[in-house]
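Trainee: Structure file upload-v2.tsv, TSV, C-alpha atoms and all ligand atoms, is pasted below:
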```
chain	number	residue	atom	x	y	z
M	1	GLU	CA	29.54	1.93	5.18
M	2	GLU	CA	25.81	2.14	4.87
M	3	TRP	CA	24.15	5.55	4.57
M	4	LYS	CA	20.41	5.83	4.71
M	5	ASP	CA	19.33	9.22	3.42
M	6	ARG	CA	15.54	9.15	3.66
M	7	GLY	CA	15.18	6.03	1.63
M	8	ALA	CA	17.79	6.83	-0.96
M	9	ALA	CA	20.41	4.62	0.64
M	10	VAL	CA	23.79	4.42	-0.98
M	11	SER	CA	27.09	2.93	0.07
M	12	ILE	CA	30.16	5.10	0.37
M	13	GLN	CA	33.28	3.45	-1.06
M	14	ARG	CA	36.59	4.72	0.27
M	15	HIS	CA	39.60	4.56	-2.05
M	16	VAL	CA	43.21	5.18	-1.08
M	17	ASP	CA	45.60	5.69	-4.00
M	18	SER	CA	49.33	4.90	-4.10
M	19	ASN	CA	50.15	8.36	-2.66
M	20	GLY	CA	47.88	7.78	0.29
M	21	ASN	CA	45.23	10.21	-0.92
M	22	GLN	CA	41.68	9.36	0.06
M	23	THR	CA	38.73	9.65	-2.23
M	24	HIS	CA	35.14	8.65	-1.66
M	25	ARG	CA	32.71	7.37	-4.18
M	26	ILE	CA	28.97	7.30	-3.62
M	27	VAL	CA	27.62	4.12	-5.10
M	28	LYS	CA	23.95	3.54	-5.59
M	29	LYS	CA	22.59	0.11	-4.73
M	30	GLY	CA	22.00	-2.15	-7.70
M	31	VAL	CA	20.91	-5.66	-8.65
M	32	GLN	CA	24.38	-7.02	-7.84
M	33	ASP	CA	24.02	-5.96	-4.18
M	34	PHE	CA	21.20	-8.44	-3.54
M	35	SER	CA	20.79	-12.18	-3.71
M	36	PHE	CA	17.35	-13.11	-4.91
M	37	GLY	CA	15.22	-15.87	-3.42
M	38	ARG	CA	11.69	-17.19	-3.64
M	39	THR	CA	8.81	-15.60	-5.53
M	40	LEU	CA	6.37	-13.85	-3.19
M	41	GLY	CA	3.83	-12.70	-5.70
M	42	GLU	CA	3.16	-12.21	-9.36
M	43	GLY	CA	1.22	-9.35	-10.91
M	44	SER	CA	0.36	-8.72	-14.52
M	45	TYR	CA	3.53	-6.75	-15.16
M	46	SER	CA	5.63	-7.33	-12.07
M	47	THR	CA	7.03	-10.07	-9.86
M	48	VAL	CA	7.86	-9.71	-6.17
M	49	LEU	CA	10.87	-11.70	-4.99
M	50	ALA	CA	12.40	-12.19	-1.55
M	51	ALA	CA	15.95	-10.86	-1.55
M	52	THR	CA	18.85	-10.32	0.84
M	53	ASP	CA	21.27	-7.39	0.90
M	54	ARG	CA	24.65	-9.13	0.51
M	55	GLN	CA	26.41	-6.58	2.77
M	56	THR	CA	23.97	-6.22	5.65
M	57	LEU	CA	22.08	-9.52	5.25
M	58	THR	CA	18.85	-7.52	5.62
M	59	GLU	CA	15.91	-9.20	3.95
M	60	TYR	CA	13.65	-7.31	1.57
M	61	ALA	CA	10.88	-7.87	-0.93
M	62	ILE	CA	11.97	-6.65	-4.36
M	63	LYS	CA	9.32	-5.80	-6.92
M	64	VAL	CA	10.72	-6.36	-10.39
M	65	LEU	CA	8.91	-4.63	-13.24
M	66	ASP	CA	9.52	-5.44	-16.88
M	67	LYS	CA	10.21	-2.20	-18.77
M	68	ARG	CA	9.17	-3.41	-22.21
M	69	HIS	CA	5.90	-4.75	-20.87
M	70	ILE	CA	5.19	-1.51	-18.92
M	71	ILE	CA	5.76	0.58	-22.01
M	72	LYS	CA	3.76	-1.72	-24.26
M	73	GLU	CA	0.83	-1.77	-21.85
M	74	LYS	CA	1.03	2.00	-21.20
M	75	LYS	CA	1.59	1.59	-17.46
M	76	VAL	CA	4.48	4.06	-17.09
M	77	LYS	CA	2.21	6.54	-15.36
M	78	TYR	CA	1.21	4.00	-12.73
M	79	VAL	CA	4.77	2.92	-12.04
M	80	ASN	CA	5.67	6.55	-11.40
M	81	ILE	CA	2.63	7.04	-9.19
M	82	GLU	CA	3.65	4.03	-7.13
M	83	LYS	CA	7.21	5.25	-6.66
M	84	ASN	CA	6.27	8.86	-5.87
M	85	THR	CA	3.59	7.74	-3.45
M	86	LEU	CA	5.87	5.34	-1.59
M	87	ASN	CA	8.49	8.09	-1.34
M	88	ARG	CA	5.91	10.44	0.14
M	89	LEU	CA	4.72	7.86	2.69
M	90	GLY	CA	8.22	7.12	3.97
M	91	ASP	CA	7.76	6.13	7.54
M	92	HIS	CA	4.72	4.45	9.04
M	93	PRO	CA	4.76	0.95	10.58
M	94	GLY	CA	1.56	0.03	8.72
M	95	ILE	CA	2.80	0.87	5.24
M	96	VAL	CA	5.33	-1.02	3.13
M	97	ARG	CA	8.42	1.16	2.92
M	98	LEU	CA	10.43	1.80	-0.23
M	99	TYR	CA	14.18	1.67	0.51
M	100	TYR	CA	15.83	1.82	-2.91
M	101	THR	CA	14.94	1.97	-6.55
M	102	PHE	CA	17.26	1.10	-9.40
M	103	GLN	CA	17.13	-0.39	-12.85
M	104	ASP	CA	19.01	-2.37	-15.42
M	105	GLU	CA	18.44	-2.70	-19.12
M	106	ARG	CA	15.40	-4.93	-18.75
M	107	SER	CA	13.78	-4.13	-15.43
M	108	LEU	CA	12.88	-1.58	-12.77
M	109	TYR	CA	13.43	-2.62	-9.15
M	110	PHE	CA	11.60	-1.44	-6.02
M	111	VAL	CA	13.27	-2.61	-2.80
M	112	LEU	CA	10.50	-2.86	-0.19
M	113	ASP	CA	9.82	-4.08	3.34
M	114	LEU	CA	9.42	-7.83	3.39
M	115	ALA	CA	6.08	-8.84	4.88
M	116	THR	CA	6.70	-12.48	5.79
M	117	GLY	CA	3.10	-13.26	6.76
M	118	GLY	CA	1.77	-12.64	3.26
M	119	GLU	CA	-1.69	-11.37	2.41
M	120	LEU	CA	-4.46	-10.84	4.96
M	121	LEU	CA	-6.74	-12.47	2.36
M	122	GLY	CA	-4.89	-15.76	2.82
M	123	PHE	CA	-5.80	-15.82	6.52
M	124	VAL	CA	-9.45	-14.92	5.86
M	125	LYS	CA	-9.67	-17.78	3.35
M	126	LYS	CA	-7.92	-20.24	5.64
M	127	LEU	CA	-10.04	-19.39	8.69
M	128	GLY	CA	-13.33	-18.64	6.93
M	129	SER	CA	-13.78	-15.45	8.95
M	130	PHE	CA	-12.31	-13.55	11.92
M	131	ASP	CA	-13.83	-13.12	15.38
M	132	GLU	CA	-14.61	-9.63	16.71
M	133	GLU	CA	-11.32	-9.29	18.60
M	134	CYS	CA	-9.18	-10.05	15.53
M	135	THR	CA	-11.38	-7.87	13.29
M	136	ARG	CA	-11.03	-5.01	15.78
M	137	PHE	CA	-7.24	-5.34	15.89
M	138	TYR	CA	-6.70	-5.65	12.11
M	139	GLY	CA	-9.39	-3.06	11.42
M	140	ALA	CA	-7.68	-0.63	13.81
M	141	GLN	CA	-4.24	-1.12	12.23
M	142	ILE	CA	-5.65	-0.69	8.71
M	143	LEU	CA	-7.49	2.47	9.79
M	144	ASP	CA	-4.40	3.93	11.47
M	145	ALA	CA	-2.44	3.38	8.24
M	146	ILE	CA	-5.25	4.99	6.19
M	147	GLU	CA	-5.23	7.99	8.54
M	148	TYR	CA	-1.49	8.45	7.97
M	149	MET	CA	-1.85	8.06	4.18
M	150	HIS	CA	-4.63	10.63	4.07
M	151	SER	CA	-2.62	13.03	6.25
M	152	LYS	CA	0.11	12.83	3.59
M	153	GLY	CA	-2.36	13.51	0.79
M	154	VAL	CA	-2.53	9.97	-0.54
M	155	ILE	CA	-5.75	8.16	-1.48
M	156	HIS	CA	-5.00	4.46	-2.00
M	157	ARG	CA	-8.04	3.71	-4.24
M	158	ASP	CA	-7.53	-0.07	-4.23
M	159	LEU	CA	-7.73	-1.17	-0.61
M	160	LYS	CA	-8.64	-4.84	-0.28
M	161	PRO	CA	-7.43	-7.84	1.75
M	162	GLU	CA	-4.90	-8.78	-0.98
M	163	ASN	CA	-3.20	-5.40	-0.50
M	164	VAL	CA	-3.02	-5.74	3.28
M	165	LEU	CA	0.14	-7.73	4.04
M	166	LEU	CA	1.27	-9.03	7.43
M	167	ASP	CA	4.81	-8.79	8.77
M	168	GLU	CA	6.71	-11.17	11.05
M	169	HIS	CA	4.76	-9.90	14.08
M	170	MET	CA	1.46	-10.39	12.24
M	171	HIS	CA	1.10	-6.62	12.02
M	172	VAL	CA	-0.41	-4.84	9.00
M	173	LYS	CA	1.67	-3.49	6.07
M	174	ILE	CA	-0.37	-1.88	3.32
M	175	THR	CA	1.01	-2.28	-0.18
M	176	ASP	CA	0.31	-1.65	-3.88
M	177	PHE	CA	0.15	2.10	-4.43
M	178	GLY	CA	0.17	1.75	-8.23
M	179	THR	CA	-3.34	3.20	-8.48
M	180	ALA	CA	-3.07	5.77	-5.68
M	181	LYS	CA	-4.04	9.40	-6.12
M	182	LEU	CA	-1.62	12.04	-4.89
M	183	LEU	CA	-3.31	15.19	-3.63
M	184	ASP	CA	-1.50	18.53	-3.58
M	185	LEU	CA	-0.30	19.13	-0.07
M	186	PRO	CA	-1.11	22.49	1.55
M	187	SER	CA	2.52	23.23	2.48
M	188	GLN	CA	5.34	21.65	0.55
M	189	ALA	CA	7.65	24.64	0.81
M	190	SER	CA	9.34	23.49	3.99
M	191	ASN	CA	9.99	20.05	2.54
M	192	ALA	CA	9.85	18.61	6.04
M	193	ASP	CA	9.81	15.00	4.85
M	194	GLY	CA	12.62	15.31	2.35
M	195	ASN	CA	10.59	14.10	-0.62
M	196	THR	CA	11.17	16.94	-3.01
M	197	GLN	CA	14.89	16.53	-2.63
M	198	LEU	CA	14.66	12.79	-3.22
M	199	ASP	CA	12.53	13.30	-6.31
M	200	ARG	CA	15.03	15.76	-7.72
M	201	ARG	CA	18.00	13.54	-7.01
M	202	GLU	CA	16.43	10.47	-8.48
M	203	GLN	CA	15.42	10.85	-12.07
M	204	ASP	CA	11.84	10.21	-13.02
M	205	PHE	CA	11.42	6.68	-14.29
M	206	ALA	CA	9.54	7.92	-17.32
M	207	ASN	CA	12.49	10.08	-18.33
M	208	ASN	CA	14.91	7.28	-17.59
M	209	ILE	CA	13.26	4.84	-19.88
M	210	GLY	CA	13.01	7.56	-22.45
M	211	ILE	CA	9.34	7.80	-23.22
M	212	PRO	CA	6.98	10.73	-22.88
M	213	ASN	CA	4.59	10.68	-19.97
M	214	HIS	CA	1.43	12.06	-21.51
M	215	GLU	CA	-0.58	8.99	-22.32
M	216	ARG	CA	-3.91	9.06	-20.56
M	217	ALA	CA	-5.38	5.76	-21.65
M	218	ASN	CA	-7.08	3.34	-19.29
M	219	SER	CA	-8.95	5.46	-16.79
M	220	PHE	CA	-8.65	3.69	-13.49
M	221	VAL	CA	-11.13	1.42	-11.75
M	222	GLY	CA	-9.93	-0.59	-8.74
M	223	THR	CA	-11.00	-4.12	-7.87
M	224	ALA	CA	-14.73	-4.51	-8.56
M	225	GLU	CA	-15.87	-5.71	-5.12
M	226	TYR	CA	-14.33	-2.77	-3.21
M	227	VAL	CA	-14.96	0.06	-5.67
M	228	SER	CA	-16.90	2.97	-4.21
M	229	PRO	CA	-20.20	4.09	-5.76
M	230	GLU	CA	-18.84	7.62	-6.48
M	231	LEU	CA	-16.14	6.11	-8.68
M	232	LEU	CA	-18.81	4.27	-10.66
M	233	THR	CA	-21.28	7.14	-10.92
M	234	ASP	CA	-19.07	10.22	-11.33
M	235	LYS	CA	-15.63	8.67	-11.88
M	236	SER	CA	-14.25	10.56	-8.91
M	237	ALA	CA	-12.41	9.22	-5.88
M	238	CYS	CA	-11.95	11.04	-2.58
M	239	LYS	CA	-10.59	10.11	0.85
M	240	GLY	CA	-14.04	8.72	1.61
M	241	SER	CA	-13.56	6.14	-1.15
M	242	ASP	CA	-10.88	4.45	0.97
M	243	LEU	CA	-13.33	4.42	3.89
M	244	TRP	CA	-15.94	2.69	1.72
M	245	ALA	CA	-13.33	0.01	0.98
M	246	PHE	CA	-12.53	-0.09	4.71
M	247	GLY	CA	-16.22	-0.79	5.41
M	248	CYS	CA	-16.12	-3.62	2.84
M	249	ILE	CA	-13.03	-5.08	4.53
M	250	ILE	CA	-14.60	-4.99	8.04
M	251	PHE	CA	-17.69	-6.72	6.60
M	252	GLN	CA	-15.52	-9.33	4.87
M	253	LEU	CA	-13.38	-10.14	7.93
M	254	LEU	CA	-16.50	-10.90	9.98
M	255	ALA	CA	-18.70	-12.43	7.26
M	256	GLY	CA	-16.01	-14.29	5.32
M	257	ARG	CA	-17.09	-12.70	2.02
M	258	PRO	CA	-17.17	-9.16	0.65
M	259	PRO	CA	-20.58	-7.40	0.85
M	260	PHE	CA	-20.95	-6.84	-2.90
M	261	LYS	CA	-20.20	-9.89	-4.98
M	262	ALA	CA	-21.87	-11.17	-8.11
M	263	GLY	CA	-21.24	-13.40	-11.09
M	264	ASN	CA	-19.52	-10.67	-13.09
M	265	GLU	CA	-18.15	-7.14	-12.69
M	266	TYR	CA	-21.20	-5.45	-14.20
M	267	GLN	CA	-23.56	-7.15	-11.73
M	268	THR	CA	-21.21	-6.32	-8.86
M	269	PHE	CA	-21.27	-2.64	-9.92
M	270	GLN	CA	-25.09	-2.75	-10.04
M	271	LYS	CA	-25.19	-4.06	-6.48
M	272	ILE	CA	-22.81	-1.32	-5.31
M	273	VAL	CA	-24.68	1.62	-6.82
M	274	ASN	CA	-27.97	0.20	-5.48
M	275	LEU	CA	-26.43	-0.49	-2.05
M	276	GLU	CA	-27.63	-4.06	-2.37
M	277	TYR	CA	-26.03	-6.20	0.35
M	278	GLN	CA	-27.09	-8.27	3.32
M	279	PHE	CA	-25.56	-9.14	6.65
M	280	PRO	CA	-25.30	-12.87	7.35
M	281	PRO	CA	-27.11	-14.20	10.45
M	282	GLY	CA	-25.06	-13.73	13.61
M	283	PHE	CA	-23.13	-10.67	12.33
M	284	PRO	CA	-22.23	-8.70	15.50
M	285	LYS	CA	-24.60	-5.78	16.16
M	286	VAL	CA	-21.98	-3.08	16.91
M	287	ALA	CA	-20.01	-4.05	13.83
M	288	ARG	CA	-23.20	-3.93	11.78
M	289	ASP	CA	-23.81	-0.37	12.96
M	290	LEU	CA	-20.26	0.63	11.94
M	291	VAL	CA	-20.51	-0.98	8.50
M	292	GLU	CA	-23.91	0.63	7.88
M	293	ARG	CA	-22.37	4.05	8.58
M	294	LEU	CA	-19.49	3.36	6.17
M	295	LEU	CA	-21.37	1.77	3.29
M	296	VAL	CA	-23.28	4.98	2.57
M	297	LEU	CA	-23.68	6.02	-1.07
M	298	ASP	CA	-22.98	9.72	-0.49
M	299	PRO	CA	-19.26	9.91	0.45
M	300	THR	CA	-19.80	13.15	2.41
M	301	LYS	CA	-22.25	11.30	4.69
M	302	ARG	CA	-19.86	8.45	5.59
M	303	LEU	CA	-18.21	8.40	8.98
M	304	ASN	CA	-14.87	10.18	8.91
M	305	ILE	CA	-11.75	8.67	10.48
M	306	GLU	CA	-12.23	10.42	13.85
M	307	ASN	CA	-15.84	9.15	14.03
M	308	ILE	CA	-14.73	5.62	13.14
M	309	LYS	CA	-12.06	5.64	15.86
M	310	SER	CA	-14.63	6.64	18.48
M	311	HIS	CA	-17.28	4.18	17.25
M	312	PRO	CA	-18.25	1.60	19.93
M	313	PHE	CA	-16.89	-1.22	17.73
M	314	PHE	CA	-13.37	0.13	18.37
M	315	GLU	CA	-13.93	0.74	22.08
M	316	GLY	CA	-10.79	-0.01	24.10
M	317	VAL	CA	-8.39	0.27	21.13
M	318	LEU	CA	-5.15	2.07	21.95
M	319	TRP	CA	-4.67	4.33	18.94
M	320	GLY	CA	-1.43	5.83	17.69
M	321	LYS	CA	2.04	4.41	18.38
M	322	ARG	CA	0.78	2.00	21.05
M	323	LEU	CA	-1.29	0.16	18.45
M	324	TRP	CA	1.93	-0.93	16.75
M	325	LYS	CA	3.67	-2.05	19.95
M	326	GLN	CA	0.83	-4.38	20.82
M	327	LYS	CA	0.95	-8.14	20.42
M	328	ALA	CA	-1.38	-9.27	17.65
M	329	PRO	CA	-4.28	-11.44	18.86
M	330	ARG	CA	-3.89	-15.06	17.78
M	331	LEU	CA	-5.98	-15.72	14.68
M	332	LYS	CA	-8.54	-18.44	15.34
Y	401	LIG	N1	3.99	-9.74	-1.92
Y	401	LIG	C1	3.91	-8.56	-2.54
Y	401	LIG	N2	4.61	-7.64	-1.89
Y	401	LIG	C2	5.16	-8.25	-0.83
Y	401	LIG	C3	5.99	-7.82	0.24
Y	401	LIG	N3	6.41	-6.57	0.33
Y	401	LIG	N4	6.34	-8.72	1.17
Y	401	LIG	C4	5.89	-9.97	1.08
Y	401	LIG	N5	5.13	-10.43	0.10
Y	401	LIG	C5	4.76	-9.58	-0.84
```
Could I get this structure in the form of structure tokens?

Mentor:
Amino acid sequence: EEWKDRGAAVSIQRHVDSNGNQTHRIVKKGVQDFSFGRTLGEGSYSTVLAATDRQTLTEYAIKVLDKRHIIKEKKVKYVNIEKNTLNRLGDHPGIVRLYYTFQDERSLYFVLDLATGGELLGFVKKLGSFDEECTRFYGAQILDAIEYMHSKGVIHRDLKPENVLLDEHMHVKITDFGTAKLLDLPSQASNADGNTQLDRREQDFANNIGIPNHERANSFVGTAEYVSPELLTDKSACKGSDLWAFGCIIFQLLAGRPPFKAGNEYQTFQKIVNLEYQFPPGFPKVARDLVERLLVLDPTKRLNIENIKSHPFFEGVLWGKRLWKQKAPRLK
């Protein structure tokens, strides 16, 4: 029997002894419950593998993290952030869902939605750029996912086309919450989304691997090309920082390259803080207006999500649930 308790799925094993007495044992999923397949991606301290649940034959993507490497590189904090964030985000079609976590002596395992289409970046590279219709559709799905994240008090802080995956319907699934920022939520008392309970039930990874959690090394900077100016100038990220990255993504889908790109990171940062970018010839006028209202140095002066949704570039988009029932436009 399969029980899904808000992501912490377990199987219930029924035992009948020689006297006919029944007992039940709650068994947590583990490595042995999956058969592992091809490699989907490799990070600096993790590998994502395709895997199948042996009982249900459901396919997943399993992120395998090497404990020794995480400890050595002082990344424990980020692994915990990723897990806590995914648990908080739970249930949105545009965000990769975390189903189970477990570990063995060597590794930590995150069992995630499998996004069979791979990275949005791959399609941008293959096609050169997207037309307005495709940019509108993918832009709308990304924005809807950002709106949900922000409503749950999560700032992603590293949005970019590599972190936007596509599922079997060519719909968006945002991934990689290892550098997210979790904001305190106004009301956690009611525990409406079940997270507090899940966190209590599942031990903190840091405790599990037996190391203290107070290292503060390596202050975070996301990927150079999408980093917001406020992160570079006052080392602070806000919800608006994700909307800066969103502006960079819209630019990139239409132009085929990110707006701020230079020979090295330092020069890229210089371009960002000086707002030094140019639209290529033929860049659609409405889209240009949107991007110009997002790539604004002062984060408080950027369009907010409501303003973006009602911008003429997104005219005709069906927001909310309907956006995820729609057929994706064919990429061309
Ligand atoms: N690469 C990294 N994460 C992935 C996922 N969840 N699905 C498919 N490919 C991935």

Trainee: Pick from M:Glu105, M:Glu265, M:Asp113, M:Asp242: nearest to Ile305 in chain M, with all atoms listed in the file counted?

Mentor: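 Once distances to Ile305 in chain M are computed over all atoms listed in the file, the minimum belongs to M:Asp242.
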
Trainee: Compute the set of protein, DNA and RNA residues whose minimum atom distance to ligand LIG 401 (chain Y) is at most 9 Å, using only C-alpha atoms and all ligand atoms, and state it as a PyMOL selection string.

Mentor: chain M and resi 39-43+47-50+60-63+96-97+111-119+162-163+165-167+173-176

Trainee: Applying 8 Å and all atoms listed in the file, which residues near Leu143 in chain M remain after dropping the ones on its own chain fewer than 4 positions away? List them as a ChimeraX atom specification.

Mentor: /M:139,147,246,305

Trainee: Quick one: residues within 12 Å of Phe123 in chain M, only C-alpha atoms counted, chain neighbours fewer than 4 positions away excluded, as a PyMOL selection string?

Mentor: chain M and resi 117-119+127-130+134-135+138+161-162+164-166+170+252-253+256+330-332

Trainee: Using only C-alpha atoms for the distances, tell me which of M:Ala245, M:Leu86, M:Leu57, M:Ala287 is nearest to Glu133 in chain M.

Mentor: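 Closest candidate: M:Ala287.
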
Trainee: Tell me which protein, DNA and RNA residues are within 8 Å of range 326-328 of chain M, counting only C-alpha atoms, leaving out same-chain ones fewer than 2 positions away, and put them as a compact mmCIF listing (two decimals) with C-alpha atoms, keeping the file's coordinate frame.

Mentor:
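Written file, selection23.txt:
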```
# COMPACT_ATOMS: atom_id res chain seq x y z
CA PHE M 137 -7.24 -5.34 15.89
CA HIS M 169 4.76 -9.90 14.08
CA MET M 170 1.46 -10.39 12.24
CA HIS M 171 1.10 -6.62 12.02
CA ARG M 322 0.78 2.00 21.05
CA LEU M 323 -1.29 0.16 18.45
CA TRP M 324 1.93 -0.93 16.75
CA ARG M 330 -3.89 -15.06 17.78
```

Trainee: Can you tell me which residues surround Arg288 in chain M at a distance of at most 10 Å, considering all atoms listed in the file, apart from same-chain residues fewer than 2 positions away, and format the answer as a ChimeraX atom specification?

Mentor: /M:247,250-251,254,279,283-286,290-294,313

Trainee: What's around Asn304 in chain M at 10 Å? Count only C-alpha atoms, leave out sequence neighbours fewer than 2 positions away in its own chain, and write the answer as a PyMOL selection string.

Mentor: chain M and resi 147+239-240+243+293-294+299-302+306-309

Trainee: Between M:Asp298, M:Glu276, M:Glu132, M:Asp184, single out the one closest to Thr233 in chain M, counting all atoms listed in the file.

Mentor: M:Asp298

Trainee: For Tyr277 in chain M, which residue among M:Gly20, M:Pro229, M:Pro258, M:Gly37 is the nearest when counting all atoms listed in the file?

Mentor: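 Closest to Tyr277 in chain M of all the choices is M:Pro258.
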
Trainee: Just to confirm, what's the straight-line distance from CA of Tyr109 in chain M to CA of Ile142 in chain M in Å (one decimal)?

Mentor: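 A separation of 26.2 Å between them.
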
Trainee: Pick out the closest residue to Leu303 in chain M from this set: M:Ile70, M:Ser241, M:His150, M:Val227. Count all atoms listed in the file.

Mentor: M:Ser241

Trainee: Please write N, CA, C and O atoms of range 163-181 of chain M, from the structure given just now, as a short mmCIF file (atom, residue, chain, number, x, y, z; two decimals), in the first residue's frame.

Mentor:
```
data_model
loop_
_atom_site.label_atom_id
_atom_site.label_comp_id
_atom_site.auth_asym_id
_atom_site.auth_seq_id
_atom_site.Cartn_x
_atom_site.Cartn_y
_atom_site.Cartn_z
N ASN M 163 17.70 26.54 -14.95
CA ASN M 163 16.88 26.12 -13.81
C ASN M 163 15.39 26.07 -14.14
O ASN M 163 14.57 25.82 -13.27
N VAL M 164 15.06 26.32 -15.40
CA VAL M 164 13.69 26.15 -15.86
C VAL M 164 13.66 24.86 -16.69
O VAL M 164 14.22 24.81 -17.78
N LEU M 165 13.06 23.82 -16.12
CA LEU M 165 12.98 22.53 -16.82
C LEU M 165 11.63 22.43 -17.51
O LEU M 165 10.71 23.19 -17.20
N LEU M 166 11.52 21.50 -18.44
CA LEU M 166 10.26 21.27 -19.15
C LEU M 166 9.81 19.83 -18.97
O LEU M 166 10.64 18.91 -19.05
N ASP M 167 8.53 19.64 -18.70
CA ASP M 167 8.02 18.29 -18.47
C ASP M 167 7.57 17.64 -19.79
O ASP M 167 7.83 18.18 -20.87
N GLU M 168 6.89 16.52 -19.68
CA GLU M 168 6.50 15.78 -20.89
C GLU M 168 5.49 16.54 -21.75
O GLU M 168 5.35 16.25 -22.93
N HIS M 169 4.79 17.51 -21.17
CA HIS M 169 3.87 18.34 -21.96
C HIS M 169 4.53 19.63 -22.42
O HIS M 169 3.84 20.54 -22.91
N MET M 170 5.82 19.73 -22.22
CA MET M 170 6.57 20.96 -22.53
C MET M 170 6.07 22.13 -21.69
O MET M 170 6.03 23.27 -22.13
N HIS M 171 5.69 21.81 -20.45
CA HIS M 171 5.32 22.83 -19.48
C HIS M 171 6.49 23.05 -18.51
O HIS M 171 7.29 22.14 -18.27
N VAL M 172 6.52 24.25 -17.93
CA VAL M 172 7.62 24.66 -17.06
C VAL M 172 7.63 23.94 -15.71
O VAL M 172 6.58 23.71 -15.11
N LYS M 173 8.83 23.55 -15.24
CA LYS M 173 9.06 23.08 -13.87
C LYS M 173 10.33 23.75 -13.36
O LYS M 173 11.42 23.44 -13.83
N ILE M 174 10.18 24.65 -12.42
CA ILE M 174 11.34 25.36 -11.89
C ILE M 174 12.06 24.48 -10.87
O ILE M 174 11.43 23.78 -10.07
N THR M 175 13.38 24.49 -10.94
CA THR M 175 14.17 23.63 -10.07
C THR M 175 15.33 24.40 -9.43
O THR M 175 15.50 25.58 -9.68
N ASP M 176 16.10 23.69 -8.62
CA ASP M 176 17.32 24.19 -7.99
C ASP M 176 17.07 25.30 -6.97
O ASP M 176 17.34 26.48 -7.22
N PHE M 177 16.60 24.90 -5.81
CA PHE M 177 16.31 25.84 -4.73
C PHE M 177 17.43 25.87 -3.69
O PHE M 177 17.23 26.30 -2.56
N GLY M 178 18.61 25.42 -4.08
CA GLY M 178 19.76 25.35 -3.16
C GLY M 178 20.25 26.70 -2.71
O GLY M 178 20.96 26.81 -1.71
N THR M 179 19.91 27.77 -3.42
CA THR M 179 20.34 29.10 -3.00
C THR M 179 19.14 30.00 -2.70
O THR M 179 19.27 31.22 -2.68
N ALA M 180 17.98 29.40 -2.47
CA ALA M 180 16.77 30.17 -2.18
C ALA M 180 16.87 30.85 -0.81
O ALA M 180 17.67 30.46 0.04
N LYS M 181 16.05 31.87 -0.64
CA LYS M 181 15.93 32.52 0.66
C LYS M 181 14.52 32.28 1.17
O LYS M 181 13.54 32.52 0.45
#
```
